[in-house]
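As stored in start-v8.cif (mmCIF, C-alpha atoms):
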```cif
data_work
#
loop_
_atom_site.label_atom_id
_atom_site.label_comp_id
_atom_site.auth_asym_id
_atom_site.auth_seq_id
_atom_site.Cartn_x
_atom_site.Cartn_y
_atom_site.Cartn_z
CA MET A 1 0.00 0.00 0.00
CA THR A 2 1.47 3.36 -1.00
CA SER A 3 1.48 6.32 1.34
CA THR A 4 -1.12 8.04 -0.86
CA HIS A 5 -3.46 5.10 -0.42
CA ARG A 6 -2.87 5.12 3.32
CA PHE A 7 -3.61 8.82 3.51
CA THR A 8 -6.76 8.43 1.38
CA ALA A 9 -8.02 5.60 3.60
CA PHE A 10 -7.17 7.56 6.75
CA THR A 11 -9.03 10.70 5.62
CA ALA A 12 -11.99 8.60 4.41
CA GLY A 13 -12.28 7.09 7.90
CA ALA A 14 -12.07 10.52 9.51
CA ARG A 15 -14.59 11.98 7.04
CA ASP A 16 -17.15 9.23 7.61
CA THR A 17 -16.86 9.93 11.36
CA ILE A 18 -17.76 13.64 11.09
CA PRO A 19 -21.40 13.26 12.26
CA MET A 20 -20.11 11.31 15.27
CA LEU A 21 -17.65 14.12 16.05
CA ILE A 22 -20.55 16.58 16.16
CA GLY A 23 -22.63 14.21 18.28
CA ALA A 24 -19.84 13.62 20.82
CA ALA A 25 -18.90 17.31 21.19
CA PRO A 26 -21.59 18.30 23.73
CA PHE A 27 -20.81 15.25 25.86
CA GLY A 28 -17.12 16.21 25.93
CA VAL A 29 -17.99 19.73 27.03
CA ILE A 30 -20.48 18.49 29.64
CA PHE A 31 -17.91 16.01 30.97
CA GLY A 32 -15.33 18.79 31.31
CA THR A 33 -17.87 21.04 33.00
CA LEU A 34 -18.78 18.34 35.51
CA VAL A 35 -15.10 17.75 36.35
CA ALA A 36 -14.60 21.49 36.86
CA SER A 37 -17.51 21.59 39.31
CA GLY A 38 -16.56 18.36 41.13
CA PRO A 39 -13.87 17.11 43.50
CA LEU A 40 -11.28 16.09 40.86
CA HIS A 41 -8.48 18.35 39.59
CA LEU A 42 -8.96 19.76 36.10
CA TRP A 43 -5.97 17.80 34.77
CA HIS A 44 -7.48 14.60 36.18
CA GLY A 45 -10.45 15.15 33.88
CA GLN A 46 -8.20 15.59 30.85
CA LEU A 47 -6.13 12.55 31.92
CA MET A 48 -9.30 10.49 32.07
CA SER A 49 -10.27 11.51 28.52
CA LEU A 50 -6.69 10.89 27.33
CA ILE A 51 -6.22 7.36 28.69
CA VAL A 52 -9.73 5.98 29.40
CA PHE A 53 -11.49 7.46 26.32
CA ALA A 54 -14.92 6.02 27.14
CA GLY A 55 -17.75 8.55 27.56
CA SER A 56 -20.28 6.53 29.56
CA ALA A 57 -17.66 5.08 31.93
CA GLN A 58 -16.15 8.53 32.50
CA PHE A 59 -19.51 10.08 33.40
CA ILE A 60 -20.40 7.24 35.75
CA ALA A 61 -16.96 7.41 37.40
CA LEU A 62 -17.51 11.12 38.15
CA GLY A 63 -20.76 10.27 39.89
CA LEU A 64 -19.10 7.50 41.88
CA VAL A 65 -16.16 9.74 42.89
CA ALA A 66 -18.59 12.39 44.09
CA GLY A 67 -20.35 9.67 46.12
CA HIS A 68 -17.02 8.56 47.71
CA ALA A 69 -17.19 5.08 46.15
CA SER A 70 -14.17 2.80 46.64
CA PHE A 71 -11.73 2.14 43.79
CA ALA A 72 -12.99 -1.45 43.62
CA VAL A 73 -16.53 -0.23 42.94
CA ILE A 74 -15.34 2.27 40.32
CA TRP A 75 -13.21 -0.34 38.55
CA ALA A 76 -15.93 -3.01 38.65
CA THR A 77 -18.42 -0.48 37.26
CA THR A 78 -15.99 0.50 34.48
CA PHE A 79 -15.71 -3.18 33.60
CA VAL A 80 -19.48 -3.75 33.41
CA VAL A 81 -20.26 -0.49 31.59
CA ASN A 82 -17.64 -1.27 28.92
CA LEU A 83 -18.46 -4.96 28.49
CA ARG A 84 -20.30 -4.30 25.21
CA HIS A 85 -16.92 -3.50 23.67
CA VAL A 86 -16.06 -7.21 23.80
CA LEU A 87 -18.84 -7.73 21.27
CA TYR A 88 -17.36 -4.98 19.09
CA SER A 89 -13.85 -6.43 19.08
CA ALA A 90 -15.18 -9.98 18.49
CA THR A 91 -17.21 -8.71 15.51
CA LEU A 92 -14.27 -6.84 13.96
CA ALA A 93 -11.56 -9.39 14.92
CA PRO A 94 -11.51 -11.17 11.51
CA TYR A 95 -10.79 -7.85 9.82
CA VAL A 96 -7.72 -7.00 11.95
CA ALA A 97 -6.35 -10.53 12.50
CA HIS A 98 -3.72 -10.09 9.76
CA LEU A 99 -2.25 -6.93 11.32
CA PRO A 100 0.87 -6.80 13.56
CA ALA A 101 0.15 -6.91 17.31
CA ARG A 102 1.01 -3.24 17.88
CA TRP A 103 -1.71 -2.27 15.40
CA ARG A 104 -4.24 -4.49 17.15
CA TRP A 105 -3.43 -2.95 20.54
CA ALA A 106 -3.75 0.57 19.09
CA LEU A 107 -6.99 -0.01 17.18
CA GLY A 108 -8.47 -1.84 20.18
CA GLY A 109 -7.75 1.19 22.36
CA LEU A 110 -9.69 3.42 19.95
CA LEU A 111 -12.74 1.14 19.67
CA THR A 112 -15.70 3.22 20.91
CA ASP A 113 -19.39 2.78 19.98
CA GLU A 114 -19.04 5.33 17.20
CA VAL A 115 -15.79 3.98 15.77
CA PHE A 116 -17.22 0.47 15.79
CA ALA A 117 -20.26 1.62 13.80
CA VAL A 118 -18.17 3.46 11.19
CA ALA A 119 -15.45 0.80 10.89
CA TRP A 120 -17.94 -2.06 10.61
CA ALA A 121 -19.99 -0.25 7.93
CA HIS A 122 -16.73 -0.03 5.92
CA TYR A 123 -15.28 -3.49 6.59
CA ARG A 124 -18.45 -5.45 5.91
CA LEU A 125 -18.25 -4.47 2.23
CA HIS A 126 -14.84 -6.19 1.90
CA PRO A 127 -13.52 -9.70 2.58
CA PRO A 128 -11.55 -10.02 5.87
CA GLY A 129 -7.84 -9.31 5.44
CA SER A 130 -8.21 -7.16 2.33
CA VAL A 131 -8.56 -3.80 4.12
CA GLY A 132 -5.61 -2.07 5.82
CA PRO A 133 -5.77 -0.41 9.23
CA TYR A 134 -5.77 3.20 8.04
CA TYR A 135 -9.52 3.70 7.63
CA PHE A 136 -10.12 2.38 11.17
CA LEU A 137 -7.23 4.54 12.45
CA GLY A 138 -8.63 7.65 10.76
CA SER A 139 -12.02 7.10 12.36
CA GLY A 140 -10.58 6.27 15.81
CA LEU A 141 -7.98 9.02 15.89
CA SER A 142 -10.42 11.74 14.79
CA MET A 143 -12.84 10.59 17.49
CA TYR A 144 -9.97 10.59 20.03
CA LEU A 145 -8.69 14.09 19.19
CA ASN A 146 -12.28 15.41 19.10
CA TRP A 147 -12.92 14.01 22.59
CA GLN A 148 -9.72 15.65 23.94
CA LEU A 149 -10.61 19.00 22.39
CA TRP A 150 -14.17 19.16 23.74
CA THR A 151 -13.13 17.86 27.16
CA LEU A 152 -10.61 20.71 27.34
CA ALA A 153 -13.23 23.23 26.18
CA GLY A 154 -15.57 22.02 28.94
CA LEU A 155 -12.84 22.12 31.60
CA LEU A 156 -11.85 25.70 30.71
CA PHE A 157 -15.07 27.32 29.50
CA GLY A 158 -17.82 24.90 30.54
CA ALA A 159 -19.71 27.46 32.56
CA ALA A 160 -20.03 29.61 29.42
CA PHE A 161 -22.16 27.01 27.60
CA PRO A 162 -25.36 26.56 29.59
CA GLY A 163 -28.14 24.61 27.90
CA LEU A 164 -25.76 22.72 25.63
CA GLN A 165 -27.69 19.50 26.20
CA SER A 166 -30.94 21.03 24.92
CA LEU A 167 -29.43 21.73 21.46
CA GLY A 168 -29.88 18.05 20.63
CA LEU A 169 -26.51 17.67 18.85
CA ASP A 170 -26.46 14.02 19.92
CA PHE A 171 -29.14 13.44 17.28
CA ALA A 172 -26.28 13.35 14.74
CA MET A 173 -25.34 9.98 16.25
CA VAL A 174 -28.94 8.70 15.94
CA ALA A 175 -29.12 9.71 12.26
CA THR A 176 -25.76 8.12 11.45
CA PHE A 177 -26.55 4.84 13.20
CA ILE A 178 -29.87 4.69 11.31
CA ALA A 179 -27.99 5.22 8.03
CA ILE A 180 -25.76 2.27 8.93
CA VAL A 181 -28.40 -0.11 10.35
CA VAL A 182 -31.45 0.23 8.07
CA PRO A 183 -29.72 -0.98 4.87
CA GLN A 184 -28.67 -4.13 6.82
CA LEU A 185 -32.24 -5.11 7.65
CA VAL A 186 -32.50 -7.11 4.41
CA ALA A 187 -33.91 -10.31 5.93
CA LEU A 188 -36.58 -10.98 8.52
CA ARG A 189 -34.03 -12.39 11.00
CA TYR A 190 -32.07 -9.11 11.06
CA LEU A 191 -35.24 -7.02 11.34
CA ALA A 192 -36.59 -9.20 14.17
CA ALA A 193 -33.26 -9.08 16.02
CA ALA A 194 -33.05 -5.28 15.72
CA VAL A 195 -36.68 -4.66 16.73
CA THR A 196 -36.31 -6.96 19.75
CA ALA A 197 -33.09 -5.25 20.88
CA GLY A 198 -34.48 -1.74 20.31
CA ALA A 199 -37.76 -2.35 22.13
CA LEU A 200 -36.12 -4.07 25.11
CA ALA A 201 -33.41 -1.41 25.34
CA PHE A 202 -36.18 1.15 25.67
CA PHE A 203 -38.04 -0.79 28.36
CA TRP A 204 -34.85 -1.65 30.26
CA GLN A 205 -33.09 1.72 29.96
CA ALA A 206 -33.43 2.42 33.70
CA TRP A 207 -31.28 -0.61 34.60
CA PRO A 208 -27.97 0.53 36.12
CA TYR A 209 -24.54 0.42 34.40
CA LYS A 210 -25.95 -0.11 30.89
CA LEU A 211 -26.96 -3.66 31.85
CA GLY A 212 -30.34 -3.10 30.19
CA LEU A 213 -28.56 -2.35 26.91
CA LEU A 214 -26.43 -5.47 27.25
CA ALA A 215 -29.45 -7.68 28.05
CA ALA A 216 -31.44 -6.19 25.15
CA VAL A 217 -28.59 -6.89 22.70
CA PHE A 218 -28.32 -10.43 24.05
CA ALA A 219 -32.07 -11.01 23.56
CA GLY A 220 -31.95 -9.55 20.04
CA VAL A 221 -29.01 -11.78 19.11
CA VAL A 222 -30.84 -14.86 20.46
CA VAL A 223 -33.87 -14.02 18.30
CA GLY A 224 -31.60 -13.63 15.27
CA VAL A 225 -29.79 -16.91 15.92
CA LEU A 226 -33.06 -18.83 16.40
CA LEU A 227 -34.37 -17.50 13.07
CA SER A 228 -31.07 -18.39 11.33
CA ARG A 229 -31.15 -22.10 12.09
CA PRO A 230 -31.20 -24.09 8.86
CA ARG A 231 -34.52 -25.71 7.98
CA GLY A 232 -33.07 -29.19 8.35
CA ALA A 233 -31.98 -28.49 11.92
CA ARG A 234 -35.38 -27.03 12.79
CA ARG A 235 -37.19 -30.10 11.45
CA THR A 236 -34.87 -32.39 13.42
CA THR A 237 -35.69 -30.51 16.61
CA VAL A 238 -39.41 -30.85 15.92
CA GLU A 239 -39.04 -34.57 15.22
CA ALA A 240 -36.90 -35.06 18.31
CA SER A 241 -39.50 -33.36 20.48
CA ARG A 242 -42.26 -35.71 19.29
CA MET B 1 -2.01 10.75 43.40
CA ASN B 2 -4.74 8.32 44.50
CA ASP B 3 -7.08 9.71 41.86
CA VAL B 4 -4.42 9.12 39.22
CA LEU B 5 -4.24 5.46 40.30
CA MET B 6 -8.04 5.24 40.02
CA ILE B 7 -7.95 6.71 36.47
CA VAL B 8 -5.03 4.49 35.36
CA GLY B 9 -6.98 1.44 36.63
CA MET B 10 -10.04 2.50 34.63
CA ALA B 11 -7.86 2.97 31.54
CA LEU B 12 -6.25 -0.48 31.82
CA ILE B 13 -9.62 -2.19 32.34
CA THR B 14 -11.17 -0.39 29.37
CA TRP B 15 -8.19 -1.10 27.11
CA MET B 16 -8.12 -4.79 28.06
CA ILE B 17 -11.84 -5.16 27.32
CA ARG B 18 -11.46 -3.51 23.93
CA ALA B 19 -8.17 -4.99 22.74
CA THR B 20 -7.92 -8.54 24.18
CA VAL B 21 -9.98 -10.24 21.46
CA PHE B 22 -8.03 -8.31 18.79
CA VAL B 23 -4.67 -9.29 20.27
CA LEU B 24 -5.54 -12.97 20.72
CA GLY B 25 -6.36 -12.95 17.02
CA ASP B 26 -6.01 -16.35 15.37
CA ARG B 27 -5.51 -18.10 18.73
CA LEU B 28 -9.20 -17.47 19.39
CA VAL B 29 -11.42 -19.57 17.11
CA PHE B 30 -15.14 -18.98 17.47
CA PRO B 31 -17.49 -21.96 17.06
CA PRO B 32 -20.08 -21.61 14.25
CA LEU B 33 -22.92 -20.72 16.64
CA VAL B 34 -20.90 -17.81 18.09
CA ARG B 35 -20.01 -16.62 14.59
CA THR B 36 -23.69 -16.63 13.65
CA ALA B 37 -24.49 -14.73 16.86
CA LEU B 38 -21.78 -12.11 16.22
CA GLY B 39 -23.38 -11.43 12.83
CA PHE B 40 -26.34 -9.95 14.70
CA VAL B 41 -24.26 -7.73 17.01
CA PRO B 42 -24.02 -4.61 14.82
CA VAL B 43 -27.73 -4.24 14.02
CA THR B 44 -28.85 -5.09 17.57
CA VAL B 45 -26.37 -2.94 19.49
CA LEU B 46 -26.70 0.13 17.26
CA THR B 47 -30.52 -0.12 17.40
CA ALA B 48 -30.43 -0.64 21.17
CA ILE B 49 -28.34 2.52 21.59
CA ILE B 50 -30.53 4.81 19.47
CA VAL B 51 -34.11 3.68 20.23
CA PRO B 52 -34.08 5.07 23.80
CA MET B 53 -32.41 8.28 22.50
CA ALA B 54 -35.20 8.81 19.95
CA VAL B 55 -38.22 7.56 21.91
CA SER B 56 -37.44 9.08 25.32
CA PRO B 57 -34.91 11.86 24.68
CA HIS B 58 -35.37 13.25 28.16
CA GLY B 59 -34.62 9.94 29.82
CA GLY B 60 -38.06 9.46 31.34
CA GLY B 61 -41.12 7.84 29.77
CA ALA B 62 -41.91 7.38 26.10
CA GLU B 63 -42.57 10.55 24.09
CA LEU B 64 -44.48 8.99 21.20
CA THR B 65 -45.80 12.29 19.94
CA TRP B 66 -45.40 14.79 17.09
CA ARG B 67 -43.80 17.09 19.64
CA ASN B 68 -40.69 14.91 19.91
CA PRO B 69 -38.20 16.18 17.27
CA GLN B 70 -35.81 13.26 17.91
CA LEU B 71 -38.57 10.80 17.01
CA ILE B 72 -39.70 12.72 13.90
CA GLY B 73 -36.10 13.12 12.71
CA ALA B 74 -35.41 9.42 13.31
CA LEU B 75 -38.54 8.33 11.42
CA ALA B 76 -37.55 10.59 8.49
CA ALA B 77 -34.04 9.08 8.50
CA VAL B 78 -35.44 5.52 8.57
CA ALA B 79 -37.73 6.33 5.62
CA VAL B 80 -34.94 7.89 3.53
CA SER B 81 -32.54 5.04 4.33
CA ALA B 82 -35.13 2.36 3.51
CA LEU B 83 -35.98 4.02 0.19
CA THR B 84 -32.52 5.07 -1.01
CA LYS B 85 -29.90 3.19 1.10
CA ARG B 86 -27.75 6.31 0.77
CA PRO B 87 -25.97 7.09 4.06
CA LEU B 88 -25.10 10.74 3.46
CA LEU B 89 -28.60 11.59 2.24
CA THR B 90 -30.08 9.77 5.25
CA ILE B 91 -27.93 11.72 7.71
CA ALA B 92 -28.57 15.05 5.95
CA VAL B 93 -32.37 14.65 5.77
CA GLY B 94 -32.57 13.26 9.32
CA LEU B 95 -30.57 16.18 10.75
CA ALA B 96 -32.48 18.75 8.69
CA VAL B 97 -35.89 17.42 9.77
CA PHE B 98 -34.73 17.25 13.38
CA PHE B 99 -33.33 20.78 13.59
CA VAL B 100 -36.17 22.41 11.60
CA TRP B 101 -38.77 20.56 13.69
CA GLN B 102 -37.02 21.53 16.91
CA ALA B 103 -36.79 25.17 15.84
CA LEU B 104 -40.41 25.39 14.69
CA LEU B 105 -41.86 23.54 17.63
CA PRO B 106 -42.14 26.43 20.11
CA THR B 107 -43.44 28.96 17.56
CA LEU B 108 -45.30 27.52 14.59
CA LEU B 109 -46.46 24.07 15.50
CA PRO B 110 -48.70 24.83 18.50
CA THR B 111 -51.03 26.71 16.17
CA LEU B 112 -51.09 23.87 13.63
CA LEU B 113 -51.27 20.78 15.79
CA PRO B 114 -53.87 19.87 18.36
CA LYS B 115 -52.63 19.70 21.93
#
```

Can you give me the file's structure in the form of structure tokens?
Amino acid sequence: MTSTHRFTAFTAGARDTIPMLIGAAPFGVIFGTLVASGPLHLWHGQLMSLIVFAGSAQFIALGLVAGHASFAVIWATTFVVNLRHVLYSATLAPYVAHLPARWRWALGGLLTDEVFAVAWAHYRLHPPGSVGPYYFLGSGLSMYLNWQLWTLAGLLFGAAFPGLQSLGLDFAMVATFIAIVVPQLVALRYLAAAVTAGALAFFWQAWPYKLGLLAAVFAGVVVGVLLSRPRGARRTTVEASR
Amino acid sequence: MNDVLMIVGMALITWMIRATVFVLGDRLVFPPLVRTALGFVPVTVLTAIIVPMAVSPHGGGAELTWRNPQLIGALAAVAVSALTKRPLLTIAVGLAVFFVWQALLPTLLPTLLPK
């Protein structure tokens, strides 16, 4: 791969992530603002964005710190809240398996909800092993730098942006995810899996630590798997149950 | 200092969760059932993230009403995507419907729509 191709792939990944950058911006600012008004030092907030780079876990950690939770509780919560990322890396694993280990560590570190959505939408159009790491890197790195920038803006000027949440900028993420998901609902099994997961995620959204989301995804996947069983296998089960 | 330790611990946990499956690579072979299941992860997880954002944008109960710009914008995006399968057009129309609806809501719509 020539350096021109690498650069083209990198910028394509960054470009396709632009709506996600807009959607994440208010959360970065709000996170920074919350740090500035809480017990942590300002630089602790930036450090968290720099090395943890996980929006939901960072917000929940702030709440736990303010409530004087122990480190064990904070770490266990971080683990549970981020568990969905195992599904992301398992889904994308075939597409990065051919890369050197240092690339896999780096891309894994950048694998947020948004980067997963963008990278998967790109990879699924190609056979595993045929796509280099630069598209993924462009998406992940743009998301990473964006998160640092808006965290810093919130830390320094957060108080100057009241009502940021009510602008609804996070809708950019909704629109982008719809653009990625709807074209995939080509068969009943995918539609049924998505509808199950979406409906249950709504009903279970009050569960703590994103466990409702995890359970809804699990239920949706089970529905999809049940509908994917080959006809022969289904008939055998029916016969066996007679 | 203690807070730095707390943050470094969070970072290591998050990184391990995200990168372990990548790093194990070929040493981790998924059985066919797991591979089938993973095929449903993208559509289920992305739908599970956005449905609560569109249906109850304020975190409480369902807002299944014309007065919910997130819901109207999402329905417009679903329609455009289903008809055209064009991602950029879907995002553009969804965002435009959302922001126009949100801007008009306090001024124009109360006179047009029944309470």

List the neighbours of Thr14 (chain B) out to 8 Å using only C-alpha atoms; skip same-chain residues closer than 3 positions along the sequence, and give me the result as a list in words.
Val52, Ala54, Thr78, Phe79, Asn82 and Gly109 of chain A; Met10, Ala11, Ile17 and Arg18 of chain B

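If all atoms listed in the file are the atoms counted, then among B:Ala96, B:Thr36, B:Met16, B:Ile7 the closest residue to Leu83 (chain A) is B:Met16.
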
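CA of Arg104 (chain A) is positioned 13.2 Å from CA of Gly129 (chain A).
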
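In terms of minimum interatomic distance to Ala92 (chain B), A:Ala172 ranks closest within A:Ala172, A:Ala9, A:Leu111, A:Ala69, counting only C-alpha atoms.
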
When you get a sec, could you note down which chain A residues fall within 7 Å of chain B, using all atoms listed in the file, as a ChimeraX atom specification?
/A:44,48,51-52,71,75,78-79,82-83,85-87,89-91,93,96-97,101,104-105,108-109,111,171-172,174-183,190,193-194,197-198,201-202,213,216-217,220-221,224-225

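Atom pair CA of Ser139 (chain A) / CA of Leu92 (chain A) has a distance of 14.2 Å (rounded to one decimal).
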
Write out as a ChimeraX atom specification each polymer residue whose atoms come within 8 Å of Thr112 (chain A), counting only C-alpha atoms; drop sequence neighbours fewer than 2 positions from it.
/A:54,85,110,114-116,140

List the neighbours of Pro208 (chain A) out to 10 Å using all atoms listed in the file; skip same-chain residues closer than 4 positions along the sequence, and give me the result as a ChimeraX atom specification.
/A:77,80-81,204,212-213

Those residues with C-alpha atoms, as an mmCIF file, in the coordinates of the input please?
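The result, written out as again-v8.cif:
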```cif
data_model
loop_
_atom_site.group_PDB
_atom_site.id
_atom_site.type_symbol
_atom_site.label_atom_id
_atom_site.label_comp_id
_atom_site.auth_asym_id
_atom_site.auth_seq_id
_atom_site.Cartn_x
_atom_site.Cartn_y
_atom_site.Cartn_z
ATOM 1 C CA THR A 77 -18.420 -0.480 37.260
ATOM 2 C CA VAL A 80 -19.480 -3.750 33.410
ATOM 3 C CA VAL A 81 -20.260 -0.490 31.590
ATOM 4 C CA TRP A 204 -34.850 -1.650 30.260
ATOM 5 C CA GLY A 212 -30.340 -3.100 30.190
ATOM 6 C CA LEU A 213 -28.560 -2.350 26.910
#
```

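As for CA of Leu149 (chain A) and CA of Leu167 (chain A), they are spaced 19.0 Å apart.
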
I would like the residues chosen by the PyMOL selection byres ((chain A and resi 61) around 9) on the shown file; could you give them as a short mmCIF file (atom, residue, chain, number, x, y, z; two decimals) with C-alpha atoms, keeping the file's coordinate frame?
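Done, and the output landed in part_14.cif:
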```
data_model
loop_
_atom_site.label_atom_id
_atom_site.label_comp_id
_atom_site.auth_asym_id
_atom_site.auth_seq_id
_atom_site.Cartn_x
_atom_site.Cartn_y
_atom_site.Cartn_z
CA SER A 56 -20.28 6.53 29.56
CA ALA A 57 -17.66 5.08 31.93
CA GLN A 58 -16.15 8.53 32.50
CA PHE A 59 -19.51 10.08 33.40
CA ILE A 60 -20.40 7.24 35.75
CA LEU A 62 -17.51 11.12 38.15
CA GLY A 63 -20.76 10.27 39.89
CA LEU A 64 -19.10 7.50 41.88
CA VAL A 65 -16.16 9.74 42.89
CA ALA A 66 -18.59 12.39 44.09
CA ILE A 74 -15.34 2.27 40.32
CA TRP A 75 -13.21 -0.34 38.55
CA THR A 77 -18.42 -0.48 37.26
CA THR A 78 -15.99 0.50 34.48
CA MET B 10 -10.04 2.50 34.63
#
```

So what does the PyMOL selection byres ((chain A and resi 147) around 8) actually pick up in this one, as an MDAnalysis selection string?
chainID A and resid 24:25 28 49 53 143:146 148:151

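Proximity of A:Arg189, A:Arg229, A:His122, A:His68 to Phe136 (chain A), computed with only C-alpha atoms, is greatest for A:His122.
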
Around region 80-84 of chain A, with edges along x, y and z and 6 Å added on all six sides, what centre and edge lengths do you get, in Å to one decimal, as JSON?
```
{"center_x": -19.0, "center_y": -2.7, "center_z": 29.3, "size_x": 14.7, "size_y": 16.5, "size_z": 20.2}
```
